[in-house]
Every structure is written in C-alpha cells, then in structure tokens.
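For reference, the structure discussed in these notes is given below.
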Amino acid sequence: MKRSRINEILREGDEFIRSFGFQLPPFAYWSPDQMRDQRSAISGILNARLGWDITDYGQGDFDKLGLFLFTLRNGSQEDLKRGGGMCYAEKIMISRHDQISPMHRHIVKAEDIINRGGAALALKMFTSDRDGNLDHDADVVVATDGIQRRLKAGDVLELWPGESVTLMPGNWHAFWGEGGDVLIGEVSAVNDDLTDNIFEDPIGRFAEIDEDKDPIHLLVSDYEKWLGNS
Ligand SMILES: [Fe+2]
C-alpha cells in the first residue's frame with residue numbers, strides 16, 4: 001500500500017470513529033518524531049503493539065480485502081501463561097461495506113466481536129476439524145451475547161449495533177460490513193498478531209508499504225523499523 005493511502009485511511013477512520021462519540025487515546029495523534037522523542041517512555045505502547053494497524057493482508061486491494069484496526073490495550077503473555085494479571089486486550093476496528101477480513105482462526109485468543117454502530121456486521125463461520133483445518137460439514141456453536149447458537153457450516157451470522165459474538169480458538173471466521181460501513185469492537189484475550197492468526201489462504205497479516213509520503217502516524221508494524229527494537 002502507498003503511505004499516502006494509509007494516511008488517508010487513518011484520517012477517514014478517525015472521523016468515522018468520532019462520528020459515534022468514541023475517541024482514541026492521546027498517543028494515537030503523535031507524529032513519528034513525537035514517538036521517537038519519547039521513545040524511552042513508551043516501551044509499554046511499543047511492546048504491547050498498541051496503536052494503528054491498517055492492513056490489506058499483503059494483497060494490494062484494501063477496499064475489497066482489508067481492515068482498519070486500532071489496538072487500545074493489550075496485556076502480557078507472561079500474565080496469560082501464569083494465569084493472572086493483565087490477560088486481556090481491546091481493539092476498535094472498521095469494516096467498510098463489503099470489505100472482507102479473510103477467513104482465519106486463532107490459536108490462543110478468544111475474542112468477542114461487537115457491532116458498535118453503523119451497518120450490520122456479517123460473519124461467515126466454520127468450525128475446525130481434528131487437525132485444525134476448516135470443517136466444511138460440522139455445525140458451529142457460538143454464543144451471541146451469552147446465548148448459545150448452532151449454525152450450519154458456512155452460515156453467515158449478522159450482528160446489528162449492540163450485538164456481539166464470542167469466538168473461541170478454532171472458530172473460523174471471515175467478516176465484512178453488510179449494506180454499509182460498521183464500527184467494530186473487539187474484547188479479547190491477550191493478543192499476539194505476529195503468531196496467533198491462521199489464515200485459510202496463504203496471505204500475510206500486515207501490509208507492505210510503498211513510502212511515497214511521510215507517515216502522519218506510525219502503524220504498529222512500523223515501530224521496529226522506525227523506532228528500533230525495544
Ligand atoms: Fe479474528
């Protein structure tokens with residue numbers, strides 16, 4: 001993706017989020033220079049990979065296959081392993097009209113996917129077979145706002161504003177905005193996007209960036225390159 005396009009998506013995404021009365025934390029608006037100047041004070045942001053995350057899954061067609069995310073909080077893997085402490089994470093996301101987040105599952109992370117406003121959120125669902133592959137036959141059992149539901153393999157679940165689904169590790173899911181753009185919340189277990197996303201098709205998790213302009217804000221995937229190892 002061109003950096004100029006990423007800058008545009010950040011601006012449009014921020015405006016969309018604000019239109020629902022939701023606001024991002026202050027560090028969202030720091031410039032790359034401001035982040036560099038405060039490098040020693042922000043290891044909590046960098047290590048937890050908090051911040052902007054715009055992805056076209058490496059496929060170069062963001063409007064068709066892509067997702068806007070902002071990681072608001074993310075706990076520690078050590079806490080998760082020892083079973084106490086900050087074991088949770090939260091993201092805010094935007095799926096545009098018919099913009100697909102491709103079929104995937106997680107190994108560790110359970111996640112509640114919440115329609116926070118806008119159009120309907122459609123999720124195509126499958127369960128895993130014994131090897132963890134997508135099962136084209138078996139029913140999928142998920143909880144929507146605490147109520148268990150049984151879906152046929154490949155059924156599309158529609159969530160309207162206020163509704164949510166709990167996806168457990170092994171629940172395969174792809175999602176998109178149905179009939180319009182949708183603001184999505186994610187409340188989950190500690191999240192490691194470098195290792196915990198298994199895609200059905202061989203695609204990447206992050207965008208490759210063509211630096212045609214300066215970034216207005218860094219993406220989480222820029223931190224290492226722009227700010228060095230923490
Ligand atoms: Fe997911």
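If you're wondering about the labels, chains in the structure tokens are A, B, ... by order shown, residues count from 1 in each chain, ligands from 1 in order shown.
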Write out as a PyMOL selection string each polymer residue (protein, DNA or RNA) that has an atom no more than 10 Å from ligand 1, with only C-alpha atoms and all ligand atoms counted. chain A and resi 101-106+109-113+167-169+171-175+186+188+193+196-199
As a PyMOL selection string, please: the residues near Lys2 in chain A (cut-off 12 Å, only C-alpha atoms, same-chain neighbours under 6 positions excluded). chain A and resi 8-9+54-56+58+60-62+207-215
Residues of range 107-126 of chain A that have any atom at most 10 Å from an atom of range 16-28 of chain A: could you tabulate them with the shortest-distance atom pair and the distance in Å to one decimal, using only C-alpha atoms, ordered by chain and increasing number, as JSON lines?
{"residue": "A:Arg116", "atom": "CA", "partner": "A:Phe20", "partner_atom": "CA", "distance": 8.4}
{"residue": "A:Gly117", "atom": "CA", "partner": "A:Phe20", "partner_atom": "CA", "distance": 7.2}
{"residue": "A:Gly118", "atom": "CA", "partner": "A:Phe20", "partner_atom": "CA", "distance": 8.6}
Got time to write the residues from that selection, C-alpha atoms, as an mmCIF file, in the first residue's frame?
data_model
loop_
_atom_site.group_PDB
_atom_site.id
_atom_site.type_symbol
_atom_site.label_atom_id
_atom_site.label_comp_id
_atom_site.auth_asym_id
_atom_site.auth_seq_id
_atom_site.Cartn_x
_atom_site.Cartn_y
_atom_site.Cartn_z
ATOM 1 C CA ARG A 116 -20.514 -0.826 17.995
ATOM 2 C CA GLY A 117 -22.554 1.020 15.369
ATOM 3 C CA GLY A 118 -23.287 1.608 11.707
#
Where does DSSP see alpha helix (DSSP H) in range 26-229 of chain A, if you list the residues as a JSON list (two decimals) with N, CA and C atoms, in the first residue's frame?
[["chain", "number", "residue", "atom", "x", "y", "z"],
["A", 32, "PRO", "N", 5.44, 10.65, 14.09],
["A", 32, "PRO", "CA", 6.61, 9.77, 14.25],
["A", 32, "PRO", "C", 7.72, 10.44, 15.06],
["A", 33, "ASP", "N", 7.96, 11.74, 14.86],
["A", 33, "ASP", "CA", 9.00, 12.45, 15.62],
["A", 33, "ASP", "C", 8.66, 12.49, 17.11],
["A", 34, "GLN", "N", 7.40, 12.76, 17.42],
["A", 34, "GLN", "CA", 6.99, 12.77, 18.83],
["A", 34, "GLN", "C", 7.19, 11.40, 19.47],
["A", 35, "MET", "N", 6.92, 10.35, 18.72],
["A", 35, "MET", "CA", 7.13, 8.99, 19.27],
["A", 35, "MET", "C", 8.62, 8.75, 19.50],
["A", 36, "ARG", "N", 9.43, 9.20, 18.53],
["A", 36, "ARG", "CA", 10.88, 8.99, 18.65],
["A", 36, "ARG", "C", 11.42, 9.76, 19.87],
["A", 37, "ASP", "N", 10.94, 11.00, 20.06],
["A", 37, "ASP", "CA", 11.41, 11.83, 21.18],
["A", 37, "ASP", "C", 11.07, 11.18, 22.53],
["A", 43, "SER", "N", 7.80, 2.35, 26.04],
["A", 43, "SER", "CA", 8.01, 0.92, 25.75],
["A", 43, "SER", "C", 6.73, 0.12, 26.00],
["A", 44, "GLY", "N", 5.87, 0.60, 26.91],
["A", 44, "GLY", "CA", 4.59, -0.09, 27.16],
["A", 44, "GLY", "C", 3.70, -0.09, 25.93],
["A", 45, "ILE", "N", 3.75, 1.01, 25.18],
["A", 45, "ILE", "CA", 2.97, 1.11, 23.93],
["A", 45, "ILE", "C", 3.58, 0.22, 22.86],
["A", 46, "LEU", "N", 4.91, 0.30, 22.75],
["A", 46, "LEU", "CA", 5.59, -0.42, 21.67],
["A", 46, "LEU", "C", 5.57, -1.93, 21.90],
["A", 47, "ASN", "N", 5.85, -2.36, 23.12],
["A", 47, "ASN", "CA", 5.89, -3.80, 23.40],
["A", 47, "ASN", "C", 4.53, -4.47, 23.27],
["A", 77, "GLN", "N", 1.84, -11.63, 27.74],
["A", 77, "GLN", "CA", 1.86, -13.08, 27.52],
["A", 77, "GLN", "C", 2.27, -13.81, 28.79],
["A", 78, "GLU", "N", 3.17, -13.19, 29.56],
["A", 78, "GLU", "CA", 3.63, -13.81, 30.81],
["A", 78, "GLU", "C", 2.46, -13.95, 31.79],
["A", 79, "ASP", "N", 1.65, -12.88, 31.88],
["A", 79, "ASP", "CA", 0.48, -12.95, 32.76],
["A", 79, "ASP", "C", -0.47, -14.05, 32.31],
["A", 80, "LEU", "N", -0.65, -14.15, 30.99],
["A", 80, "LEU", "CA", -1.55, -15.18, 30.46],
["A", 80, "LEU", "C", -1.04, -16.57, 30.83],
["A", 81, "LYS", "N", 0.28, -16.76, 30.69],
["A", 81, "LYS", "CA", 0.88, -18.07, 31.00],
["A", 81, "LYS", "C", 0.73, -18.42, 32.47],
["A", 82, "ARG", "N", 0.92, -17.40, 33.34],
["A", 82, "ARG", "CA", 0.84, -17.73, 34.76],
["A", 82, "ARG", "C", -0.60, -17.68, 35.28],
["A", 223, "TYR", "N", 6.81, 0.15, 13.98],
["A", 223, "TYR", "CA", 7.56, 0.52, 15.18],
["A", 223, "TYR", "C", 9.01, 0.06, 15.12],
["A", 224, "GLU", "N", 9.20, -1.21, 14.75],
["A", 224, "GLU", "CA", 10.56, -1.73, 14.79],
["A", 224, "GLU", "C", 11.46, -1.00, 13.81],
["A", 225, "LYS", "N", 10.97, -0.80, 12.60],
["A", 225, "LYS", "CA", 11.76, -0.15, 11.56],
["A", 225, "LYS", "C", 12.05, 1.33, 11.88],
["A", 226, "TRP", "N", 11.03, 2.02, 12.40],
["A", 226, "TRP", "CA", 11.16, 3.46, 12.59],
["A", 226, "TRP", "C", 11.74, 3.84, 13.94],
["A", 227, "LEU", "N", 11.53, 2.98, 14.93],
["A", 227, "LEU", "CA", 11.94, 3.35, 16.30],
["A", 227, "LEU", "C", 12.97, 2.40, 16.88]]
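Using only C-alpha atoms, the nearest neighbour of Ser76 in chain A within the list A:Ala138, A:Ala189, A:Leu159, A:Met125 is A:Ala189.
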